[in-house]
file input-v5.txt (compact mmCIF, C-alpha atoms)
# COMPACT_ATOMS: atom_id res chain seq x y z
CA MET A 1 7.79 -6.36 -46.42
CA SER A 2 7.00 -7.92 -43.01
CA ARG A 3 4.95 -11.03 -42.42
CA PHE A 4 2.06 -8.76 -41.46
CA GLY A 5 1.97 -7.15 -44.93
CA SER A 6 2.90 -3.71 -46.22
CA ARG A 7 3.81 -0.74 -44.04
CA GLN A 8 0.38 0.71 -44.82
CA GLU A 9 -1.31 -2.50 -43.68
CA VAL A 10 0.72 -2.56 -40.47
CA ASP A 11 -0.18 1.08 -39.76
CA ALA A 12 -3.84 0.38 -40.45
CA HIS A 13 -3.76 -2.65 -38.14
CA PHE A 14 -2.10 -0.63 -35.40
CA ARG A 15 -4.64 2.19 -35.75
CA HIS A 16 -7.43 -0.37 -35.47
CA LEU A 17 -5.94 -1.78 -32.25
CA VAL A 18 -5.61 1.71 -30.75
CA GLU A 19 -9.08 2.78 -31.80
CA SER A 20 -10.74 -0.37 -30.42
CA ALA A 21 -8.83 -0.46 -27.11
CA ARG A 22 -11.25 -0.01 -24.22
CA THR A 23 -9.05 -0.16 -21.13
CA TYR A 24 -6.99 2.93 -22.01
CA ALA A 25 -7.99 6.31 -23.34
CA ILE A 26 -5.60 6.90 -26.27
CA PHE A 27 -5.80 10.04 -28.38
CA GLY A 28 -3.58 12.12 -30.61
CA MET A 29 -2.88 15.85 -30.35
CA ASP A 30 -1.18 18.46 -32.48
CA LEU A 31 1.61 20.66 -31.12
CA GLU A 32 -0.97 23.20 -29.94
CA GLY A 33 -2.74 20.62 -27.80
CA ARG A 34 -5.80 20.18 -30.02
CA ILE A 35 -7.18 16.65 -30.14
CA THR A 36 -6.76 14.97 -33.54
CA SER A 37 -7.90 11.39 -32.84
CA TRP A 38 -10.03 9.67 -30.20
CA ASN A 39 -10.28 5.93 -29.47
CA GLU A 40 -13.07 3.83 -27.95
CA GLY A 41 -11.33 3.76 -24.57
CA ALA A 42 -11.28 7.56 -24.52
CA ARG A 43 -15.00 7.65 -25.25
CA ARG A 44 -15.72 5.14 -22.49
CA ILE A 45 -13.46 6.73 -19.86
CA LYS A 46 -13.90 10.42 -20.69
CA GLY A 47 -17.50 10.36 -21.90
CA TYR A 48 -16.97 12.40 -25.07
CA THR A 49 -17.73 11.04 -28.53
CA THR A 50 -15.14 11.36 -31.30
CA GLU A 51 -17.13 14.18 -32.89
CA GLU A 52 -17.27 16.08 -29.59
CA ALA A 53 -13.57 15.65 -28.76
CA VAL A 54 -11.67 16.06 -32.04
CA GLY A 55 -10.69 19.67 -32.62
CA GLN A 56 -11.00 20.63 -28.94
CA HIS A 57 -8.02 21.53 -26.75
CA PHE A 58 -7.17 18.76 -24.33
CA ARG A 59 -7.31 21.18 -21.41
CA MET A 60 -11.06 20.50 -21.29
CA LEU A 61 -10.14 17.13 -19.70
CA PHE A 62 -8.55 18.82 -16.66
CA LEU A 63 -10.19 20.20 -13.54
CA PRO A 64 -10.81 23.98 -13.68
CA GLU A 65 -8.18 24.66 -11.00
CA ASP A 66 -5.57 22.66 -12.95
CA GLN A 67 -6.46 24.61 -16.10
CA GLU A 68 -5.87 27.87 -14.22
CA ARG A 69 -2.49 26.63 -13.00
CA GLY A 70 -1.46 25.83 -16.57
CA ARG A 71 -1.16 22.12 -15.90
CA PRO A 72 -1.94 21.06 -19.52
CA GLU A 73 0.78 23.33 -20.91
CA GLN A 74 3.25 22.09 -18.28
CA GLU A 75 2.71 18.49 -19.37
CA MET A 76 3.25 19.39 -23.04
CA ARG A 77 6.37 21.39 -22.22
CA GLN A 78 7.88 18.56 -20.15
CA ALA A 79 7.09 16.03 -22.88
CA LEU A 80 8.83 18.19 -25.50
CA GLU A 81 11.88 18.67 -23.26
CA GLN A 82 12.22 15.05 -22.09
CA GLY A 83 10.44 13.08 -24.81
CA CYS A 84 7.69 11.91 -22.49
CA TYR A 85 5.63 13.04 -19.52
CA THR A 86 4.23 10.53 -16.99
CA GLY A 87 2.31 11.12 -13.82
CA GLU A 88 -0.87 10.71 -11.82
CA GLY A 89 -3.63 13.20 -11.23
CA VAL A 90 -7.34 13.88 -11.18
CA ARG A 91 -9.10 14.28 -14.53
CA ARG A 92 -12.61 15.32 -15.52
CA ARG A 93 -15.27 13.52 -17.51
CA LYS A 94 -17.86 15.07 -19.80
CA ASP A 95 -20.49 14.91 -17.04
CA GLY A 96 -18.20 16.89 -14.72
CA SER A 97 -17.30 13.95 -12.47
CA ALA A 98 -13.67 13.49 -11.48
CA PHE A 99 -11.57 10.31 -11.55
CA ASP A 100 -8.03 9.31 -10.63
CA ALA A 101 -5.83 8.86 -13.68
CA GLU A 102 -2.39 7.61 -14.59
CA VAL A 103 -1.25 9.41 -17.73
CA SER A 104 1.62 9.45 -20.19
CA LEU A 105 2.17 12.02 -22.93
CA HIS A 106 4.56 11.04 -25.71
CA VAL A 107 6.02 13.23 -28.46
CA LEU A 108 5.57 12.12 -32.09
CA HIS A 109 8.34 12.91 -34.61
CA ASP A 110 8.54 12.89 -38.39
CA ASP A 111 11.26 11.07 -40.33
CA GLN A 112 13.65 13.99 -39.75
CA GLY A 113 13.10 13.88 -35.97
CA THR A 114 11.00 17.04 -35.87
CA PRO A 115 8.14 17.00 -33.31
CA ILE A 116 4.78 16.92 -35.08
CA GLY A 117 2.39 16.15 -32.24
CA PHE A 118 1.61 14.06 -29.20
CA VAL A 119 -0.13 10.86 -28.25
CA LYS A 120 -1.65 10.67 -24.80
CA VAL A 121 -2.53 7.49 -22.90
CA THR A 122 -4.78 7.65 -19.84
CA GLU A 123 -5.80 4.86 -17.48
CA ASP A 124 -8.61 5.20 -14.96
CA ILE A 125 -7.03 4.09 -11.67
CA THR A 126 -9.89 5.08 -9.38
CA GLU A 127 -10.50 1.49 -8.28
CA ARG A 128 -6.78 0.89 -7.73
CA LYS A 129 -6.61 4.02 -5.56
CA ARG A 130 -9.67 2.91 -3.63
CA LEU A 131 -8.11 -0.46 -2.89
CA GLN A 132 -4.81 1.20 -1.97
CA HIS A 133 -6.60 3.56 0.38
CA GLY A 134 -8.45 0.61 1.88
CA ALA A 135 -5.17 -1.22 2.45
CA GLU A 136 -3.67 1.86 4.11
CA ARG A 137 -6.70 2.16 6.38
CA ALA A 138 -6.40 -1.53 7.22
CA GLN A 139 -2.76 -1.03 8.19
CA GLU A 140 -3.69 1.91 10.39
CA PHE A 141 -6.39 -0.22 12.00
CA GLN A 142 -3.85 -2.98 12.62
CA LYS A 143 -1.53 -0.50 14.30
CA LEU A 144 -4.38 0.77 16.47
CA LEU A 145 -5.46 -2.78 17.28
CA ALA A 146 -1.90 -3.70 18.25
CA ALA A 147 -1.74 -0.73 20.61
CA ILE A 148 -5.10 -1.65 22.16
CA VAL A 149 -4.08 -5.29 22.55
CA SER A 150 -0.76 -4.27 24.10
CA HIS A 151 -2.29 -1.89 26.62
CA ASP A 152 -5.81 -3.15 27.30
CA LEU A 153 -5.11 -6.89 27.33
CA GLN A 154 -1.52 -7.27 28.48
CA ASN A 155 -1.95 -5.15 31.61
CA PRO A 156 -4.97 -7.12 32.94
CA LEU A 157 -3.18 -10.37 32.19
CA ASN A 158 -0.20 -9.21 34.22
CA ALA A 159 -2.57 -8.42 37.09
CA VAL A 160 -4.13 -11.89 36.88
CA GLN A 161 -0.69 -13.53 36.97
CA MET A 162 0.32 -11.46 40.00
CA ALA A 163 -2.93 -12.35 41.81
CA ALA A 164 -2.37 -16.05 41.09
CA ARG A 165 1.14 -15.88 42.54
CA ARG A 166 -0.14 -14.15 45.69
CA LEU A 167 -2.88 -16.74 46.06
CA ARG A 168 -0.37 -19.59 45.91
CA ALA A 169 1.90 -17.86 48.42
CA GLN A 170 -0.86 -17.10 50.92
CA SER A 171 -2.78 -20.38 51.05
CA PRO A 172 -1.30 -23.85 51.61
CA ASP A 173 -4.64 -25.48 50.74
CA GLU A 174 -4.08 -28.04 47.98
CA ALA A 175 -7.27 -27.14 46.10
CA VAL A 176 -6.34 -23.44 46.17
CA GLN A 177 -2.83 -24.25 44.99
CA THR A 178 -4.18 -26.30 42.07
CA THR A 179 -6.65 -23.60 41.05
CA ALA A 180 -4.01 -20.86 41.31
CA ALA A 181 -1.60 -22.92 39.21
CA ARG A 182 -4.24 -23.36 36.50
CA ILE A 183 -5.03 -19.63 36.52
CA SER A 184 -1.33 -18.80 36.27
CA SER A 185 -0.77 -21.27 33.42
CA ALA A 186 -3.79 -20.04 31.45
CA SER A 187 -2.89 -16.36 31.89
CA GLU A 188 0.73 -16.98 30.90
CA ARG A 189 -0.44 -18.74 27.72
CA ALA A 190 -2.83 -15.86 26.95
CA SER A 191 0.03 -13.41 27.49
CA ARG A 192 2.22 -15.36 25.06
CA ILE A 193 -0.57 -15.31 22.46
CA VAL A 194 -0.92 -11.53 22.85
CA SER A 195 2.85 -11.10 22.45
CA ASP A 196 2.88 -13.33 19.36
CA LEU A 197 0.02 -11.40 17.78
CA LEU A 198 1.82 -8.12 18.42
CA ASP A 199 4.96 -9.50 16.79
CA LEU A 200 2.88 -10.75 13.85
CA SER A 201 1.36 -7.29 13.42
CA GLN A 202 4.77 -5.61 13.46
CA ALA A 203 6.25 -8.17 11.06
CA GLN A 204 3.47 -7.83 8.51
CA LEU A 205 3.04 -4.05 8.60
CA GLY A 206 6.33 -3.62 6.78
CA SER A 207 8.34 -2.17 9.68
CA GLY A 208 9.41 -5.64 10.79
CA ILE A 209 10.00 -6.93 14.31
CA PRO A 210 12.19 -4.33 16.04
CA VAL A 211 15.56 -5.45 17.43
CA THR A 212 18.07 -3.55 19.54
CA ARG A 213 21.55 -4.99 19.18
CA ALA A 214 24.13 -4.86 21.94
CA ARG A 215 27.36 -6.71 22.63
CA GLY A 216 26.71 -9.97 24.45
CA ASP A 217 27.49 -13.67 24.77
CA LEU A 218 24.94 -15.81 22.93
CA TYR A 219 25.99 -18.82 25.03
CA THR A 220 25.07 -16.94 28.24
CA THR A 221 21.74 -15.97 26.71
CA ALA A 222 21.04 -19.59 25.79
CA ALA A 223 22.01 -20.75 29.28
CA ARG A 224 19.37 -18.47 30.83
CA VAL A 225 16.65 -19.90 28.60
CA MET A 226 17.80 -23.46 29.32
CA ASP A 227 17.65 -22.85 33.09
CA GLU A 228 14.08 -21.58 32.80
CA HIS A 229 13.02 -24.63 30.84
CA ARG A 230 14.74 -27.06 33.20
CA GLY A 231 12.40 -25.79 35.92
CA THR A 232 9.37 -26.26 33.67
CA PHE A 233 10.45 -29.65 32.27
CA PRO A 234 12.39 -31.30 35.14
CA GLU A 235 11.88 -34.75 33.61
CA ARG A 236 13.72 -33.85 30.37
CA GLU A 237 17.47 -33.67 29.84
CA LEU A 238 18.53 -30.35 28.30
CA ILE A 239 22.13 -30.24 27.03
CA LEU A 240 23.96 -27.01 26.21
CA ARG A 241 27.28 -26.94 24.33
CA ARG A 242 29.58 -24.16 23.15
CA GLU A 243 31.96 -24.14 20.18
CA GLY A 244 34.29 -21.22 19.62
CA ASP A 245 33.87 -17.54 20.50
CA THR A 246 30.14 -16.86 20.99
CA VAL A 247 30.34 -13.11 21.69
CA GLY A 248 28.66 -10.80 19.17
CA HIS A 249 26.08 -8.05 18.69
CA PHE A 250 22.44 -9.14 18.95
CA ASP A 251 19.19 -8.40 20.76
CA ALA A 252 19.41 -10.64 23.83
CA ALA A 253 15.70 -10.44 24.68
CA ARG A 254 14.68 -11.35 21.13
CA MET A 255 17.18 -14.22 20.99
CA MET A 256 15.77 -15.55 24.27
CA GLN A 257 12.39 -15.48 22.52
CA VAL A 258 13.86 -17.40 19.57
CA LEU A 259 15.41 -20.05 21.80
CA ALA A 260 12.27 -20.39 23.92
CA ASN A 261 10.19 -21.03 20.80
CA LEU A 262 12.65 -23.56 19.41
CA LEU A 263 13.02 -25.35 22.75
CA LYS A 264 9.26 -25.56 23.19
CA ASN A 265 8.99 -26.95 19.67
CA ALA A 266 11.68 -29.60 20.34
CA LEU A 267 10.19 -30.61 23.70
CA THR A 268 6.70 -30.88 22.20
CA TYR A 269 7.45 -32.75 18.99
CA GLY A 270 10.57 -34.74 19.91
CA THR A 271 10.54 -38.28 21.18
CA PRO A 272 8.94 -38.27 24.68
CA GLY A 273 11.58 -38.43 27.40
CA SER A 274 14.47 -37.82 25.00
CA ALA A 275 17.19 -35.22 25.48
CA VAL A 276 17.16 -31.90 23.65
CA GLU A 277 20.56 -30.49 22.69
CA VAL A 278 21.38 -26.84 22.11
CA CYS A 279 24.71 -25.84 20.58
CA VAL A 280 26.00 -22.27 20.32
CA ARG A 281 28.83 -21.84 17.78
CA GLY A 282 30.97 -18.91 16.82
CA GLY A 283 32.49 -18.59 13.36
CA PRO A 284 34.68 -15.89 11.80
CA ASP A 285 31.73 -13.72 10.74
CA GLU A 286 28.64 -15.25 12.30
CA LEU A 287 27.07 -16.82 15.35
CA CYS A 288 24.89 -19.90 15.12
CA VAL A 289 22.59 -21.55 17.63
CA SER A 290 21.08 -24.96 16.87
CA VAL A 291 18.36 -26.91 18.67
CA HIS A 292 18.21 -30.66 18.07
CA ASN A 293 15.72 -33.32 19.10
CA PRO A 294 15.37 -36.98 18.09
CA GLY A 295 12.03 -38.18 16.80
CA ALA A 296 9.90 -38.52 13.70
CA PRO A 297 10.94 -36.21 10.88
CA ILE A 298 8.91 -33.22 9.76
CA PRO A 299 6.79 -34.30 6.75
CA ALA A 300 8.46 -33.19 3.51
CA GLN A 301 5.32 -31.41 2.30
CA LEU A 302 5.39 -29.14 5.37
CA LEU A 303 9.01 -28.01 5.07
CA PRO A 304 8.42 -25.24 2.45
CA HIS A 305 5.68 -23.73 4.63
CA LEU A 306 7.22 -24.24 8.06
CA PHE A 307 8.09 -20.59 8.70
CA LYS A 308 4.78 -19.13 7.53
CA ALA A 309 2.30 -17.63 9.98
CA PHE A 310 -0.37 -19.89 11.51
CA ARG A 311 1.37 -23.07 10.30
CA ARG A 312 1.52 -26.06 12.63
CA GLY A 313 2.46 -29.72 12.35
CA ALA A 314 0.27 -32.11 10.41
CA GLU A 315 -0.47 -33.99 13.64
CA GLU A 316 -0.90 -31.20 16.16
CA LYS A 317 -0.36 -32.50 19.67
CA PRO A 318 -2.80 -31.45 22.41
CA GLU A 319 0.03 -30.07 24.54
CA ALA A 320 1.15 -27.70 21.76
CA LYS A 321 -1.80 -25.30 22.23
CA SER A 322 -0.38 -22.60 19.98
CA LEU A 323 -1.48 -20.30 17.18
CA GLY A 324 1.24 -21.59 14.89
CA LEU A 325 3.28 -18.37 15.06
CA GLY A 326 6.38 -19.57 16.89
CA LEU A 327 8.54 -20.54 13.91
CA TYR A 328 7.28 -17.58 11.88
CA ILE A 329 8.45 -15.23 14.64
CA VAL A 330 11.78 -17.08 14.90
CA GLU A 331 12.39 -16.51 11.19
CA ARG A 332 11.33 -12.84 11.37
CA ILE A 333 13.63 -12.13 14.34
CA ALA A 334 16.54 -13.77 12.53
CA ALA A 335 15.78 -11.70 9.42
CA ALA A 336 15.62 -8.51 11.52
CA HIS A 337 19.20 -9.28 12.60
CA GLY A 338 20.23 -9.80 8.98
CA GLY A 339 20.38 -13.54 9.57
CA ARG A 340 18.59 -16.66 8.44
CA VAL A 341 16.99 -19.88 9.71
CA ALA A 342 17.51 -23.43 8.44
CA VAL A 343 16.00 -26.79 9.32
CA HIS A 344 17.25 -30.34 8.77
CA SER A 345 14.93 -33.26 9.52
CA THR A 346 15.40 -36.97 8.82
CA ALA A 347 14.20 -40.19 10.42
CA GLN A 348 17.80 -41.21 11.20
CA GLU A 349 19.11 -37.93 12.64
CA GLY A 350 16.00 -36.28 14.04
CA THR A 351 15.27 -32.56 13.63
CA THR A 352 17.66 -29.64 13.96
CA PHE A 353 16.77 -25.96 13.68
CA GLU A 354 19.63 -23.51 13.11
CA VAL A 355 19.60 -19.74 13.51
CA HIS A 356 22.51 -17.91 11.87
CA LEU A 357 23.28 -14.30 12.81
CA PRO A 358 26.03 -11.94 11.65
CA ARG A 359 28.53 -11.53 14.46
CA ALA A 360 28.73 -7.75 14.03
CA ALA A 361 25.78 -5.37 13.82
CA THR A 362 24.74 -4.78 10.20

call {"tool": "encode", "arguments": {"input": "input-v5.txt", "output": "structure tokens"}}
result
Amino acid sequence: MSRFGSRQEVDAHFRHLVESARTYAIFGMDLEGRITSWNEGARRIKGYTTEEAVGQHFRMLFLPEDQERGRPEQEMRQALEQGCYTGEGVRRRKDGSAFDAEVSLHVLHDDQGTPIGFVKVTEDITERKRLQHGAERAQEFQKLLAAIVSHDLQNPLNAVQMAARRLRAQSPDEAVQTTAARISSASERASRIVSDLLDLSQAQLGSGIPVTRARGDLYTTAARVMDEHRGTFPERELILRREGDTVGHFDAARMMQVLANLLKNALTYGTPGSAVEVCVRGGPDELCVSVHNPGAPIPAQLLPHLFKAFRRGAEEKPEAKSLGLGLYIVERIAAAHGGRVAVHSTAQEGTTFEVHLPRAAT
């Protein structure tokens, strides 16, 4: 005898649990499909009392069109053949209303293994379906919004940048030059924000940030980004080193985006006036690019959240002016390549970000 008592007591306890369960409709059936028992959950979900349900064929719980197609008999047949039937579908309540259901139909056997009936468990998943549908609609809206942002905002921003460049080229007036430079800087920042938001949308919709790999030299790619930043930050020393064979398969445009984000981060948060060092290394199976800057370490409490969207430093500097998406996008681009990102930050050694990529396309 178990610690719960005799077999009869255990069975009685189990029957009580089934009968009092409210979240699931649980009822027994004979081999013909007639209902033999009916719990509280079945009454609540289906609307029938025990007296109304017991003795009736369970086909009454299906929509008329499913009854005509023989759906109840199909479920019983599959359960007998496979031991259990599981699925989702629409079921009908006593008042005629329909609801989304997740169902399982199990075969009951006697001591000799002979089928003697069924037990059916039904869960009302209408609310789950509604939330799922809402999430799907939200994703579709995000896709539409991304397309609108890409087309309806990026194109005007490009036009503003072009107009600012023409203005600077056509007028030597110092006031005009200053105004045009401010317009150009503001529109470039707005364009970067739009691009980051588009990348965020792609990363979070499940498809991920798209990458197109091609054979290239990661050192050459890094050199292009360094040259651009030397023009923007002429007062800072930018050092580029190479170790080993740095040729592999990667998306050059995306890796320029990665390096630009990491360089901006190092120039913003590193010690003012200090050098920033970039090293591109080639190993047997991977490529690695690291960006190092001296300065105060990243606070330990921020490290676990550093690559999450909309995360920025605890002491955000005025010159940063970002949404906090840069490192998130860096990590997502690395992941899209089948790679990873690491960070090391101490008071003695400064901060180093590393991006590891497989050398060959995966």

call {"tool": "atom_distance", "arguments": {"input": "input-v5.txt", "atom1": "atom CA of Gln132 of chain A", "atom2": "atom CA of Arg92 of chain A"}}
result
21.1 Å

call {"tool": "residues_around", "arguments": {"input": "input-v5.txt", "residues": "segment 227-238 of chain A", "least_positions_apart": "2", "cutoff": "8 Å", "atoms": "only C-alpha atoms", "output": "PDB file with C-alpha atoms, keeping the file's coordinate frame"}}
result
ATOM      1  CA  ALA A 223      22.010 -20.750  29.280  1.00  0.00           C
ATOM      2  CA  ARG A 224      19.370 -18.470  30.830  1.00  0.00           C
ATOM      3  CA  VAL A 225      16.650 -19.900  28.600  1.00  0.00           C
ATOM      4  CA  LEU A 240      23.960 -27.010  26.210  1.00  0.00           C
ATOM      5  CA  GLY A 273      11.580 -38.430  27.400  1.00  0.00           C
ATOM      6  CA  SER A 274      14.470 -37.820  25.000  1.00  0.00           C
ATOM      7  CA  ALA A 275      17.190 -35.220  25.480  1.00  0.00           C
ATOM      8  CA  VAL A 276      17.160 -31.900  23.650  1.00  0.00           C
ATOM      9  CA  GLU A 277      20.560 -30.490  22.690  1.00  0.00           C
ATOM     10  CA  VAL A 278      21.380 -26.840  22.110  1.00  0.00           C
TER      11      VAL A 278
END

call {"tool": "closest_residue", "arguments": {"input": "input-v5.txt", "among": "A:Ala163, A:Ile26, A:Ala175, A:Ala169", "to": "Ser187 of chain A", "atoms": "all atoms listed in the file"}}
result
A:Ala163

call {"tool": "closest_residue", "arguments": {"input": "input-v5.txt", "among": "A:Ala98, A:Leu325, A:Val291, A:Ala266", "to": "His305 of chain A", "atoms": "all atoms listed in the file"}}
result
A:Leu325

call {"tool": "residues_around", "arguments": {"input": "input-v5.txt", "residues": "Thr50 of chain A", "least_positions_apart": "5", "cutoff": "10 Å", "atoms": "only C-alpha atoms", "output": "list in words"}}
result
Phe27, Ile35, Thr36, Ser37, Trp38, Asn39, Glu40, Ala42, Arg43 and Gly55 of chain A
